[in-house]
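Next up, target12.txt (compact mmCIF, C-alpha atoms and all ligand atoms):
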# COMPACT_ATOMS: atom_id res chain seq x y z
CA MET W 5 44.54 -25.08 -14.18
CA LYS W 6 43.78 -21.94 -16.16
CA ARG W 7 40.25 -23.25 -16.76
CA SER W 8 39.50 -23.79 -13.05
CA ARG W 9 40.70 -20.23 -12.21
CA ASP W 10 38.29 -18.91 -14.88
CA ASP W 11 35.48 -21.00 -13.45
CA GLY W 12 36.08 -19.44 -10.04
CA PHE W 13 35.97 -15.99 -11.57
CA ALA W 14 32.69 -16.78 -13.35
CA ALA W 15 31.17 -18.15 -10.13
CA ASP W 16 32.18 -14.99 -8.23
CA LEU W 17 30.78 -12.84 -11.00
CA VAL W 18 27.43 -14.65 -10.89
CA ALA W 19 27.29 -14.59 -7.09
CA GLY W 20 27.92 -10.85 -6.96
CA MET W 21 25.50 -9.88 -9.73
CA ARG W 22 22.88 -7.36 -8.69
CA CYS W 23 20.25 -8.94 -10.88
CA GLY W 24 18.74 -12.34 -10.15
CA LEU W 25 20.01 -15.30 -12.15
CA ILE W 26 18.48 -18.76 -12.43
CA THR W 27 20.04 -21.40 -14.62
CA LEU W 28 18.41 -24.65 -15.72
CA ASP W 29 20.06 -27.67 -17.28
CA ARG W 30 18.78 -29.05 -20.55
CA HIS W 31 16.27 -31.26 -18.70
CA GLY W 32 14.64 -28.21 -17.12
CA CYS W 33 16.10 -28.83 -13.65
CA VAL W 34 17.51 -25.95 -11.61
CA ARG W 35 21.30 -25.83 -11.76
CA ALA W 36 21.96 -22.68 -9.79
CA LEU W 37 20.43 -19.50 -8.49
CA ASN W 38 22.48 -16.58 -7.30
CA GLU W 39 22.05 -14.62 -4.08
CA SER W 40 19.88 -11.87 -5.63
CA ALA W 41 17.50 -14.50 -7.01
CA ARG W 42 17.27 -16.19 -3.60
CA GLU W 43 16.66 -12.82 -1.95
CA ILE W 44 13.94 -11.68 -4.39
CA LEU W 45 12.12 -15.02 -4.52
CA LYS W 46 12.84 -16.17 -0.96
CA VAL W 47 13.83 -19.59 -2.26
CA ASP W 48 16.64 -21.74 -0.75
CA GLN W 49 19.53 -22.85 -2.91
CA GLU W 50 19.55 -26.32 -1.30
CA THR W 51 15.87 -27.04 -1.86
CA ALA W 52 15.77 -25.66 -5.40
CA VAL W 53 18.92 -27.05 -7.01
CA GLY W 54 18.36 -30.35 -8.84
CA GLN W 55 14.56 -29.93 -8.81
CA PRO W 56 12.46 -29.49 -11.95
CA ALA W 57 11.76 -25.72 -12.28
CA GLN W 58 8.03 -26.31 -11.96
CA ARG W 59 8.51 -27.82 -8.50
CA ALA W 60 11.31 -25.51 -7.31
CA PHE W 61 9.24 -22.39 -8.06
CA SER W 62 5.77 -23.80 -7.38
CA ALA W 63 5.07 -20.75 -5.17
CA TYR W 64 5.29 -18.62 -8.35
CA PRO W 65 3.15 -20.45 -10.93
CA GLN W 66 3.79 -17.95 -13.75
CA LEU W 67 7.55 -18.06 -13.26
CA ALA W 68 7.47 -21.86 -12.96
CA ARG W 69 5.48 -22.11 -16.20
CA LEU W 70 7.87 -19.76 -18.02
CA LEU W 71 10.92 -21.74 -16.92
CA ALA W 72 9.30 -25.10 -17.66
CA GLN W 73 8.45 -24.02 -21.19
CA ALA W 74 11.80 -22.36 -21.88
CA ALA W 75 13.48 -25.52 -23.19
CA SER W 76 10.83 -25.98 -25.87
CA MET W 77 10.53 -22.33 -26.96
CA SER W 78 11.94 -21.48 -30.37
CA THR W 79 12.45 -17.82 -29.42
CA LEU W 80 13.11 -16.89 -25.82
CA PRO W 81 11.43 -13.77 -24.43
CA ASP W 82 13.66 -10.73 -24.22
CA ARG W 83 13.01 -7.69 -21.96
CA ALA W 84 9.64 -8.90 -20.78
CA GLU W 85 7.84 -8.37 -17.50
CA LEU W 86 6.31 -10.86 -15.13
CA GLU W 87 3.87 -10.15 -12.30
CA ILE W 88 4.32 -12.42 -9.31
CA GLN W 89 2.82 -12.56 -5.87
CA THR W 90 5.04 -13.46 -2.93
CA PRO W 91 3.83 -16.03 -0.40
CA ALA W 92 3.20 -13.02 1.92
CA GLY W 93 0.67 -11.72 -0.62
CA GLU W 94 2.76 -8.86 -2.02
CA ASP W 95 2.59 -8.09 -5.74
CA ARG W 96 5.96 -7.72 -7.42
CA THR W 97 6.96 -6.92 -10.98
CA LEU W 98 10.03 -8.67 -12.39
CA GLY W 99 11.72 -7.45 -15.55
CA PHE W 100 13.48 -10.38 -17.19
CA THR W 101 15.39 -11.64 -20.18
CA MET W 102 16.31 -15.23 -21.09
CA SER W 103 19.12 -16.79 -23.02
CA ARG W 104 20.28 -20.27 -23.91
CA VAL W 105 23.54 -21.63 -22.60
CA VAL W 106 25.21 -23.06 -25.70
CA ALA W 107 28.45 -25.08 -25.75
CA GLU W 108 31.21 -24.40 -28.29
CA ASP W 109 30.00 -27.28 -30.46
CA GLY W 110 26.49 -25.74 -30.60
CA GLU W 111 24.93 -28.12 -28.15
CA VAL W 112 22.29 -26.45 -25.91
CA ARG W 113 23.33 -27.07 -22.31
CA GLY W 114 20.54 -25.17 -20.62
CA VAL W 115 18.74 -21.90 -20.15
CA ALA W 116 19.48 -18.80 -18.07
CA LEU W 117 16.93 -16.33 -16.75
CA PHE W 118 18.18 -12.88 -15.70
CA PHE W 119 15.73 -10.74 -13.79
CA LYS W 120 15.39 -7.62 -11.69
CA ASP W 121 12.73 -6.63 -9.19
CA LEU W 122 11.15 -3.55 -10.78
CA THR W 123 8.64 -2.99 -7.97
CA PRO W 124 10.52 -0.14 -6.20
CA ILE W 125 11.05 1.65 -9.53
CA GLU W 126 7.38 1.23 -10.41
CA ARG W 127 6.31 2.55 -7.02
CA GLN W 128 8.63 5.54 -7.40
CA GLU W 129 7.20 6.25 -10.85
CA GLN W 130 3.64 6.04 -9.54
CA ARG W 131 4.56 8.39 -6.74
CA GLU W 132 6.18 10.89 -9.09
CA GLN W 133 3.17 10.80 -11.40
CA LEU W 134 0.84 11.45 -8.50
CA GLN W 135 3.05 14.27 -7.22
CA GLU W 136 3.02 15.90 -10.66
CA ARG W 137 -0.74 15.63 -10.79
CA LEU W 138 -1.01 17.05 -7.29
CA ALA W 139 1.27 19.97 -8.10
CA SER W 140 -0.90 21.04 -11.03
CA LEU W 141 -4.05 20.38 -9.07
CA GLY W 142 -2.61 22.46 -6.21
CA ALA W 143 -1.90 25.43 -8.46
CA MET W 144 -5.39 25.26 -9.91
CA ALA W 145 -7.04 24.89 -6.50
CA ALA W 146 -5.10 27.79 -5.03
CA SER W 147 -6.26 30.18 -7.74
CA LEU W 148 -9.81 28.81 -7.65
CA ALA W 149 -9.90 29.14 -3.88
CA HIS W 150 -8.82 32.75 -4.17
CA GLU W 151 -11.72 33.41 -6.56
CA ILE W 152 -14.26 31.47 -4.53
CA ARG W 153 -13.37 32.18 -0.92
CA ASN W 154 -14.15 35.92 -0.81
CA PRO W 155 -17.56 35.78 -2.48
CA LEU W 156 -18.34 32.70 -0.37
CA ALA W 157 -17.50 34.51 2.86
CA ALA W 158 -19.68 37.44 1.73
CA LEU W 159 -22.51 35.01 0.93
CA GLU W 160 -22.22 33.41 4.36
CA VAL W 161 -22.46 36.77 6.13
CA THR W 162 -25.37 37.91 3.93
CA THR W 163 -27.32 34.70 4.54
CA THR W 164 -26.84 35.03 8.29
CA LEU W 165 -28.09 38.64 8.19
CA LEU W 166 -31.03 37.63 6.00
CA ARG W 167 -32.03 34.86 8.44
CA ARG W 168 -32.03 37.30 11.33
CA LYS W 169 -34.43 39.60 9.49
CA LEU W 170 -36.94 36.83 8.92
CA PRO W 171 -39.57 35.62 11.40
CA GLU W 172 -38.50 32.57 13.49
CA SER W 173 -40.73 30.20 11.56
CA GLY W 174 -42.24 30.07 8.10
CA THR W 175 -41.28 29.11 4.57
CA CYS W 176 -38.88 32.01 4.04
CA ARG W 177 -36.97 31.15 7.22
CA ASP W 178 -36.78 27.47 6.13
CA LEU W 179 -35.41 28.53 2.75
CA ALA W 180 -32.83 30.78 4.41
CA ASP W 181 -31.82 27.88 6.73
CA THR W 182 -31.30 25.60 3.72
CA LEU W 183 -29.29 28.33 2.01
CA GLN W 184 -27.08 28.75 5.07
CA ASP W 185 -26.50 24.96 5.37
CA GLN W 186 -25.51 24.67 1.74
CA VAL W 187 -23.17 27.66 1.89
CA ARG W 188 -21.49 26.16 4.97
CA ARG W 189 -21.14 22.80 3.22
CA LEU W 190 -19.56 24.49 0.21
CA SER W 191 -17.18 26.34 2.52
CA GLY W 192 -16.24 23.04 4.17
CA THR W 193 -15.48 21.41 0.80
CA VAL W 194 -13.34 24.37 -0.30
CA ASN W 195 -11.40 24.27 2.99
CA ASP W 196 -10.90 20.48 2.92
CA SER W 197 -9.67 20.64 -0.65
CA LEU W 198 -7.26 23.42 0.22
CA GLU W 199 -5.98 21.47 3.21
CA TYR W 200 -5.38 18.52 0.89
CA VAL W 201 -3.47 20.40 -1.81
CA ARG W 202 -1.35 22.45 0.61
CA PRO W 203 2.24 21.16 0.99
CA LEU W 204 2.41 18.90 4.04
CA GLN W 205 4.85 19.70 6.84
CA ILE W 206 5.75 16.66 8.89
CA HIS W 207 6.67 17.02 12.57
CA GLY W 208 8.10 13.64 13.52
CA THR W 209 8.41 12.38 17.09
CA PRO W 210 9.32 8.82 18.20
CA CYS W 211 6.04 6.88 18.03
CA ASN W 212 4.87 3.40 18.86
CA LEU W 213 2.91 2.37 15.75
CA ALA W 214 0.86 -0.22 17.65
CA GLU W 215 -0.36 2.51 20.00
CA LEU W 216 -1.16 4.70 17.02
CA LEU W 217 -3.20 1.89 15.45
CA ASP W 218 -5.12 1.41 18.69
CA GLU W 219 -5.81 5.14 18.97
CA ALA W 220 -7.05 5.24 15.38
CA LEU W 221 -9.32 2.29 16.12
CA GLU W 222 -10.62 4.12 19.20
CA VAL W 223 -11.61 7.11 17.03
CA CYS W 224 -13.78 4.77 14.97
CA THR W 225 -15.49 3.10 17.94
CA PRO W 226 -18.00 2.38 19.22
CA ASP W 227 -20.62 3.71 16.83
CA ARG W 228 -18.97 2.63 13.59
CA ILE W 229 -18.25 -0.99 14.38
CA ALA W 230 -21.24 -3.17 13.59
CA PRO W 231 -22.03 -5.92 16.13
CA LYS W 232 -21.09 -8.61 13.65
CA VAL W 233 -17.63 -7.23 12.90
CA GLU W 234 -14.78 -8.86 14.77
CA VAL W 235 -11.59 -6.89 15.37
CA VAL W 236 -8.33 -8.82 15.27
CA ARG W 237 -5.09 -7.08 16.19
CA TRP W 238 -1.75 -8.66 15.43
CA TYR W 239 1.22 -6.78 16.87
CA PRO W 240 4.76 -7.95 17.63
CA GLN W 241 5.55 -8.14 21.33
CA GLU W 242 8.54 -5.87 21.04
CA THR W 243 8.66 -2.90 18.75
CA ARG W 244 10.95 -0.08 17.70
CA LEU W 245 9.77 3.50 17.84
CA LEU W 246 9.51 5.26 14.51
CA GLN W 247 9.94 8.94 13.84
CA VAL W 248 6.42 9.77 12.70
CA ASP W 249 4.02 12.73 12.70
CA ALA W 250 1.57 11.15 15.16
CA GLY W 251 -1.47 13.31 14.37
CA ARG W 252 -1.17 12.96 10.62
CA MET W 253 -0.38 9.25 10.68
CA ARG W 254 -3.29 8.63 13.04
CA SER W 255 -5.66 10.42 10.67
CA ALA W 256 -4.29 8.32 7.78
CA LEU W 257 -4.96 5.12 9.75
CA VAL W 258 -8.44 6.34 10.70
CA ASN W 259 -9.26 6.70 6.99
CA LEU W 260 -8.16 3.13 6.27
CA ILE W 261 -10.03 1.70 9.26
CA ARG W 262 -13.19 3.68 8.41
CA ASN W 263 -13.12 2.48 4.82
CA ALA W 264 -12.68 -1.11 6.01
CA LEU W 265 -15.62 -0.80 8.43
CA GLU W 266 -17.78 0.97 5.85
CA SER W 267 -17.07 -1.80 3.34
CA MET W 268 -18.44 -4.45 5.71
CA GLY W 269 -21.38 -2.31 6.86
CA GLU W 270 -23.84 -4.29 8.96
CA ASN W 271 -22.59 -7.63 7.62
CA ALA W 272 -20.48 -10.10 9.54
CA GLY W 273 -16.79 -9.64 8.89
CA VAL W 274 -13.29 -9.28 10.28
CA LEU W 275 -11.27 -6.09 10.59
CA ARG W 276 -7.62 -7.06 10.93
CA LEU W 277 -4.91 -4.64 12.03
CA SER W 278 -1.36 -5.88 11.89
CA LEU W 279 2.09 -4.50 12.45
CA ASP W 280 5.41 -6.01 11.47
CA ILE W 281 8.68 -4.35 12.40
CA PRO W 282 11.61 -6.52 11.33
CA GLN W 283 14.15 -6.52 14.15
CA ASP W 284 17.12 -7.75 12.17
CA GLU W 285 16.78 -5.85 8.88
CA ALA W 286 19.21 -3.06 8.10
CA PRO W 287 17.56 0.34 8.71
CA GLU W 288 18.59 1.61 5.26
CA VAL W 289 16.57 -1.04 3.42
CA GLY W 290 13.97 -2.37 5.86
CA HIS W 291 10.41 -1.23 6.32
CA ALA W 292 7.88 -1.31 9.13
CA ILE W 293 4.69 -2.75 7.67
CA ILE W 294 1.20 -1.79 8.80
CA ARG W 295 -1.75 -3.67 7.32
CA VAL W 296 -5.44 -2.83 7.58
CA SER W 297 -7.63 -5.49 6.05
CA ASP W 298 -11.30 -6.30 5.84
CA THR W 299 -13.50 -9.09 4.58
CA GLY W 300 -15.87 -6.75 2.71
CA PRO W 301 -16.77 -6.97 -0.97
CA GLY W 302 -13.30 -5.87 -2.09
CA ILE W 303 -12.50 -3.30 -4.76
CA PRO W 304 -13.36 -4.06 -8.40
CA GLU W 305 -10.19 -4.28 -10.46
CA ASP W 306 -11.24 -1.55 -12.88
CA ILE W 307 -11.58 1.07 -10.14
CA GLN W 308 -8.43 0.12 -8.19
CA PRO W 309 -6.17 2.55 -10.11
CA ARG W 310 -8.56 5.43 -9.31
CA ILE W 311 -9.23 5.03 -5.60
CA PHE W 312 -6.22 7.15 -4.56
CA ASN W 313 -7.27 10.02 -6.81
CA PRO W 314 -8.70 12.99 -4.94
CA PHE W 315 -12.51 13.25 -5.08
CA TYR W 316 -12.95 9.70 -6.33
CA SER W 317 -15.72 8.06 -4.34
CA THR W 318 -18.33 5.38 -4.89
CA LYS W 319 -20.21 6.32 -1.71
CA PRO W 320 -23.28 8.56 -1.81
CA ASN W 321 -21.84 10.94 0.81
CA GLY W 322 -18.12 10.27 0.36
CA SER W 323 -15.81 13.19 -0.36
CA GLY W 324 -13.26 10.86 -1.96
CA LEU W 325 -10.43 12.59 -0.10
CA GLY W 326 -9.78 9.82 2.47
CA LEU W 327 -7.32 7.67 0.53
CA ALA W 328 -5.79 10.62 -1.32
CA TRP W 329 -4.98 12.21 2.05
CA THR W 330 -3.70 8.92 3.45
CA ARG W 331 -1.35 8.47 0.52
CA LYS W 332 -0.16 12.04 0.87
CA VAL W 333 0.68 11.50 4.55
CA VAL W 334 2.47 8.20 3.86
CA ASP W 335 4.43 9.77 0.97
CA ALA W 336 5.48 12.65 3.22
CA HIS W 337 7.03 10.02 5.53
CA ASP W 338 8.91 8.51 2.53
CA GLY W 339 6.73 5.46 2.82
CA PHE W 340 4.50 3.56 0.40
CA LEU W 341 0.78 2.89 0.46
CA ASP W 342 -0.49 -0.11 -1.48
CA VAL W 343 -3.72 -1.95 -1.90
CA HIS W 344 -4.34 -5.57 -2.66
CA SER W 345 -7.90 -6.65 -3.20
CA THR W 346 -9.58 -9.73 -4.50
CA PRO W 347 -13.19 -8.89 -5.33
CA LYS W 348 -15.65 -10.61 -2.95
CA GLU W 349 -12.82 -11.45 -0.53
CA GLY W 350 -12.00 -8.03 0.89
CA ALA W 351 -9.19 -5.52 0.71
CA VAL W 352 -5.76 -5.19 2.32
CA PHE W 353 -4.16 -1.75 2.58
CA THR W 354 -0.44 -1.83 3.36
CA ILE W 355 1.67 1.06 4.62
CA ARG W 356 5.44 0.63 4.49
CA LEU W 357 7.50 3.10 6.51
CA PRO W 358 11.29 3.17 6.21
CA LEU W 359 13.12 1.72 9.20
CA SER W 360 15.67 4.50 8.78
CA ALA W 361 13.13 6.54 10.77
CA ALA W 362 13.31 4.01 13.63
CA THR W 363 15.01 4.67 16.93
CA ALA W 364 17.31 1.98 18.25
CA VAL W 365 15.42 1.64 21.54
CA PRO W 366 13.04 -1.30 21.61
CA GLU W 367 9.81 -0.94 23.55
CA LEU W 368 6.99 -3.25 24.57
CA ASN W 369 3.70 -2.94 22.76
CA PRO W 370 0.48 -1.88 24.48
CA ALA W 371 -1.01 -4.41 26.89
CA GLY W 372 1.87 -6.80 26.21
CA GLU W 373 0.34 -7.97 22.93
CA THR W 374 2.03 -11.04 21.57
CA LEU W 375 2.56 -12.17 18.06
CA HIS W 376 -0.69 -14.10 18.24
CA GLU W 377 -4.03 -12.97 17.01
CA THR W 378 -5.70 -11.07 19.80
CA GLN W 379 -9.42 -10.73 19.58
CA ASP W 380 -10.60 -7.82 21.59
CA SER W 381 -14.28 -8.31 22.26
CA SER W 382 -14.57 -4.99 24.10
CA ARG W 383 -14.12 -3.30 20.77
CA ARG W 384 -17.15 -4.88 19.27
CA GLY W 385 -19.97 -2.40 19.29
N1 LIG W 401 -11.74 -1.23 2.25
C1 LIG W 401 -12.38 -0.93 1.11
N2 LIG W 401 -13.21 -1.81 0.52
C2 LIG W 401 -13.86 -1.52 -0.62
N3 LIG W 401 -13.73 -0.35 -1.30
C3 LIG W 401 -12.91 0.58 -0.76
C4 LIG W 401 -12.20 0.35 0.45
N4 LIG W 401 -11.46 1.46 0.72
C5 LIG W 401 -11.71 2.33 -0.27
N5 LIG W 401 -12.57 1.83 -1.16
C6 LIG W 401 -13.05 2.47 -2.40
O1 LIG W 401 -12.24 3.62 -2.65
C7 LIG W 401 -13.05 4.79 -2.74
C8 LIG W 401 -12.25 6.00 -2.25
O2 LIG W 401 -12.03 5.88 -0.87
P1 LIG W 401 -11.79 7.22 -0.02
O3 LIG W 401 -11.56 6.84 1.39
O4 LIG W 401 -10.76 8.05 -0.70
O5 LIG W 401 -13.16 8.02 -0.18
P2 LIG W 401 -14.57 7.68 0.45
O6 LIG W 401 -14.42 6.66 1.53
O7 LIG W 401 -15.49 7.36 -0.67
O8 LIG W 401 -14.99 9.08 1.06
P3 LIG W 401 -14.37 9.78 2.38
O9 LIG W 401 -13.29 8.90 2.92
O10 LIG W 401 -13.83 11.06 1.90
O11 LIG W 401 -15.51 9.90 3.29
C9 LIG W 401 -14.29 4.48 -1.95
O12 LIG W 401 -15.39 5.27 -2.34
C10 LIG W 401 -14.50 2.99 -2.27
O13 LIG W 401 -15.08 2.83 -3.53
MG MG W 402 -13.00 6.93 3.03

Please lay out the structure from this file as structure tokens.
Amino acid sequence: MKRSRDDGFAADLVAGMRCGLITLDRHGCVRALNESAREILKVDQETAVGQPAQRAFSAYPQLARLLAQAASMSTLPDRAELEIQTPAGEDRTLGFTMSRVVAEDGEVRGVALFFKDLTPIERQEQREQLQERLASLGAMAASLAHEIRNPLAALEVTTTLLRRKLPESGTCRDLADTLQDQVRRLSGTVNDSLEYVRPLQIHGTPCNLAELLDEALEVCTPDRIAPKVEVVRWYPQETRLLQVDAGRMRSALVNLIRNALESMGENAGVLRLSLDIPQDEAPEVGHAIIRVSDTGPGIPEDIQPRIFNPFYSTKPNGSGLGLAWTRKVVDAHDGFLDVHSTPKEGAVFTIRLPLSAATAVPELNPAGETLHETQDSSRRG
């Protein structure tokens, strides 16, 4: 009697644990997985229990391999990390530890894997690191701008006066024209950089994100979309309005769409815009998800960590401020900007915006889009 009451307590304890728990029997078959594990891995209790770990977690090959090998390992890994990709294509980092389940007589009855999804912590850390870098960059830029702006303004005025004094044509006038162009360009760079490092004030109004995506696409058409690029939009039929700074978020989306189009250039490809606003998720935890993807050459792995840095560009005329600005705007909305790219297969940029900024009122999306792929041929250039 006492034993069964204890068993109930243990079961409740396991069910309520905030970290994921998977237990295997000594044959390597799944015995149980608690609610957190089911939530993180999106795996059903009914389909997993009784199955060999390799089959139950076949969607996560690394995890499946780890569990399948656990029985034969002499030392189990402790405090290790595992990178997995969800079936929806999201990268997640799991921190885990393993232990054997040993009976009183020393017989090994199975293995237990405890794990926690570290992805939100990692994202927060990345964001804090970037904010620290931006703060120091901001201080430096502000003092530099102070030193540069006044002489630059004087130079601009002097060049204009000089041009006026020169005859309308001739080598000297050409040289003065070049000088004026270059001074203006320098002025533009200084101003753009200042705009970027200045603290961002967000003025949120209830916005339909599908409309915002369409408007951003409009800014990029028709000249930028090559004839061979197909645009596919994938919006839910019903949406919730989100409290967003429309102008800033539109400019962030324009940057992502431009990059996607630039990556495909004149080649055939697909630009895919998608929006997912979960209707039944709690506002405190849920996110609206915007994806902008292309079928361009993708982003080489070694440069992926640098693409959000200000002034990082691989394009001959790129300022390298596009993604840095986009991330700044998304951060200011308490959201997350992520990239997933497989070289040669394209890139997917994902913006997650907290549903806590959503209004309760549902609204229909533009042109009654449905949850099917809609191919809008009028948008092809
Ligand atoms: N969709 C994409 N496919 C391939 N590479 C990309 C993509 N988006 C961004 N990149 C890479 O990231 C770099 C930085 O992008 P970012 O938008 O910040 O600057 P840029 O496009 O080079 O210049 P700017 O946007 O200021 O004109 C790019 O130069 C490119 O190397
Ligand atoms: Mg860009």

key: Within 7 Å of ligand MG 402 (chain W), counting only C-alpha atoms and all ligand atoms, residues as a list of chain:residue names   = W:Asn259, W:Leu260, W:Arg262, W:Asn263, W:Gly322, W:Gly324, W:Leu325, W:Gly326, W:Leu327

Please produce a file of the residues just selected, as an mmCIF file, keeping the file's coordinate frame, where the atoms kept are C-alpha atoms.
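Saved as out-v9.cif:
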data_model
loop_
_atom_site.group_PDB
_atom_site.id
_atom_site.type_symbol
_atom_site.label_atom_id
_atom_site.label_comp_id
_atom_site.auth_asym_id
_atom_site.auth_seq_id
_atom_site.Cartn_x
_atom_site.Cartn_y
_atom_site.Cartn_z
ATOM 1 C CA ASN W 259 -9.260 6.700 6.990
ATOM 2 C CA LEU W 260 -8.160 3.130 6.270
ATOM 3 C CA ARG W 262 -13.190 3.680 8.410
ATOM 4 C CA ASN W 263 -13.120 2.480 4.820
ATOM 5 C CA GLY W 322 -18.120 10.270 0.360
ATOM 6 C CA GLY W 324 -13.260 10.860 -1.960
ATOM 7 C CA LEU W 325 -10.430 12.590 -0.100
ATOM 8 C CA GLY W 326 -9.780 9.820 2.470
ATOM 9 C CA LEU W 327 -7.320 7.670 0.530
#

ask   = Which one is closest to ligand LIG 401 (chain W): W:Arg30, W:Lys169, W:Arg310, W:Arg202? Count only C-alpha atoms and all ligand atoms.
value =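 Looking only at the distances to ligand LIG 401 (chain W), the closest residue turns out to be W:Arg310.
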
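Checking W:Ser173, W:Asn212, W:Gln89, W:Gln241 one by one against Met253 in chain W, counting only C-alpha atoms, you find the shortest gap at W:Asn212.
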
Surrounding residues of range 112-128 of chain W excluding itself and chain neighbours under 5 positions, 6 Å, all atoms listed in the file, as a list in words = Cys23, Gly24, Leu25, Ile26, Thr27, Leu28, Asp29, Arg30, Arg96, Thr97, Leu98, Gly99, Phe100, Thr101, Met102, Ser103, Arg104, Val105 and Val106 of chain W

key: One-decimal distance in Å that lies between CA of Glu270 in chain W and CA of Glu94 in chain W   =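 Computing the Euclidean distance for CA of Glu94 in chain W and CA of Glu270 in chain W yields 29.1 Å.
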
request  = Find the residues near ligand LIG 401 (chain W). Use a cut-off of 10 Å, count all atoms listed in the file, and write them as a PyMOL selection string.
outcome  = chain W and resi 196+256+258-268+275+296-304+307-331+343-345+347-353

message = If I take CA of Tyr64 in chain W and CA of Ile44 in chain W, how far is one from the other in Å, to one decimal?
response =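 Computing the Euclidean distance for CA of Tyr64 in chain W and CA of Ile44 in chain W yields 11.8 Å.
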
query = Ala180 in chain W: which residues within 12 Å, counting all atoms listed in the file, same-chain residues fewer than 5 positions away excluded, as a list in words?
reply =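 Residues meeting the cut-off are Leu159, Glu160, Thr162, Thr163, Thr164, Leu165, Leu166, Arg167, Arg168, Lys169, Leu170, Pro171, Glu172, Ser173, Gly174, Thr175, Asp185, Gln186 and Val187 of chain W.
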
task = Go through W:Pro56, W:Gly269, W:Pro210, W:Gly339 one by one, measure the shortest atom-to-atom distance of each to Gly290 in chain W using only C-alpha atoms, and give the residue with the smallest value.
result =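 Closest to Gly290 in chain W, using only C-alpha atoms: W:Gly339.
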
request  = State, in Å with one decimal place, the distance from CA of Val248 in chain W to CA of Ile206 in chain W.
outcome  =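 Computed distance, CA of Val248 in chain W to CA of Ile206 in chain W, equals 7.9 Å.
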
query = Contacts of Arg69 in chain W at 10 Å or less, counting only C-alpha atoms, minus same-chain residues fewer than 6 places along, as a PyMOL selection string?
reply = chain W and resi 57-58+61-62

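Considering the residues W:Leu257, W:His150, W:Arg356, W:Leu86 and counting only C-alpha atoms, Asn195 in chain W has its shortest atom-to-atom contact with W:His150.
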
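Proximity to Asp335 in chain W was assessed for W:Ala230, W:Ala36, W:Leu134, W:Leu67 counting all atoms listed in the file; the smallest distance is recorded for W:Leu134.
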
ask   = Between W:Leu216, W:Pro282, W:Gly32, W:Glu39, which one has atoms that come closest to Asp16 in chain W, using only C-alpha atoms?
value =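 Answer, going by the shortest atom-to-atom distance: W:Glu39.
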
Take range 83-94 of chain W, bring it up to N, CA and C atoms, and give me the output as a CSV table (one decimal), keeping the file's coordinate frame.
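Wrote rebuild_20.csv, looks like this:
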chain,number,residue,atom,x,y,z
W,83,ARG,N,13.5,-8.9,-22.6
W,83,ARG,CA,13.0,-7.7,-22.0
W,83,ARG,C,11.5,-7.8,-21.7
W,84,ALA,N,11.1,-8.8,-21.1
W,84,ALA,CA,9.6,-8.9,-20.8
W,84,ALA,C,9.4,-8.7,-19.3
W,85,GLU,N,8.2,-8.6,-18.9
W,85,GLU,CA,7.8,-8.4,-17.5
W,85,GLU,C,6.9,-9.5,-17.0
W,86,LEU,N,7.1,-9.8,-15.7
W,86,LEU,CA,6.3,-10.9,-15.1
W,86,LEU,C,5.8,-10.4,-13.8
W,87,GLU,N,4.5,-10.5,-13.6
W,87,GLU,CA,3.9,-10.2,-12.3
W,87,GLU,C,3.8,-11.4,-11.4
W,88,ILE,N,4.4,-11.3,-10.2
W,88,ILE,CA,4.3,-12.4,-9.3
W,88,ILE,C,3.8,-11.9,-8.0
W,89,GLN,N,3.3,-12.9,-7.2
W,89,GLN,CA,2.8,-12.6,-5.9
W,89,GLN,C,3.6,-13.4,-4.9
W,90,THR,N,4.2,-12.7,-3.9
W,90,THR,CA,5.0,-13.5,-2.9
W,90,THR,C,4.1,-14.3,-2.0
W,91,PRO,N,4.7,-15.3,-1.3
W,91,PRO,CA,3.8,-16.0,-0.4
W,91,PRO,C,3.2,-15.1,0.7
W,92,ALA,N,3.8,-13.9,0.9
W,92,ALA,CA,3.2,-13.0,1.9
W,92,ALA,C,2.1,-12.2,1.3
W,93,GLY,N,1.8,-12.4,0.0
W,93,GLY,CA,0.7,-11.7,-0.6
W,93,GLY,C,1.0,-10.4,-1.3
W,94,GLU,N,2.4,-10.1,-1.4
W,94,GLU,CA,2.8,-8.9,-2.0
W,94,GLU,C,2.9,-9.0,-3.5
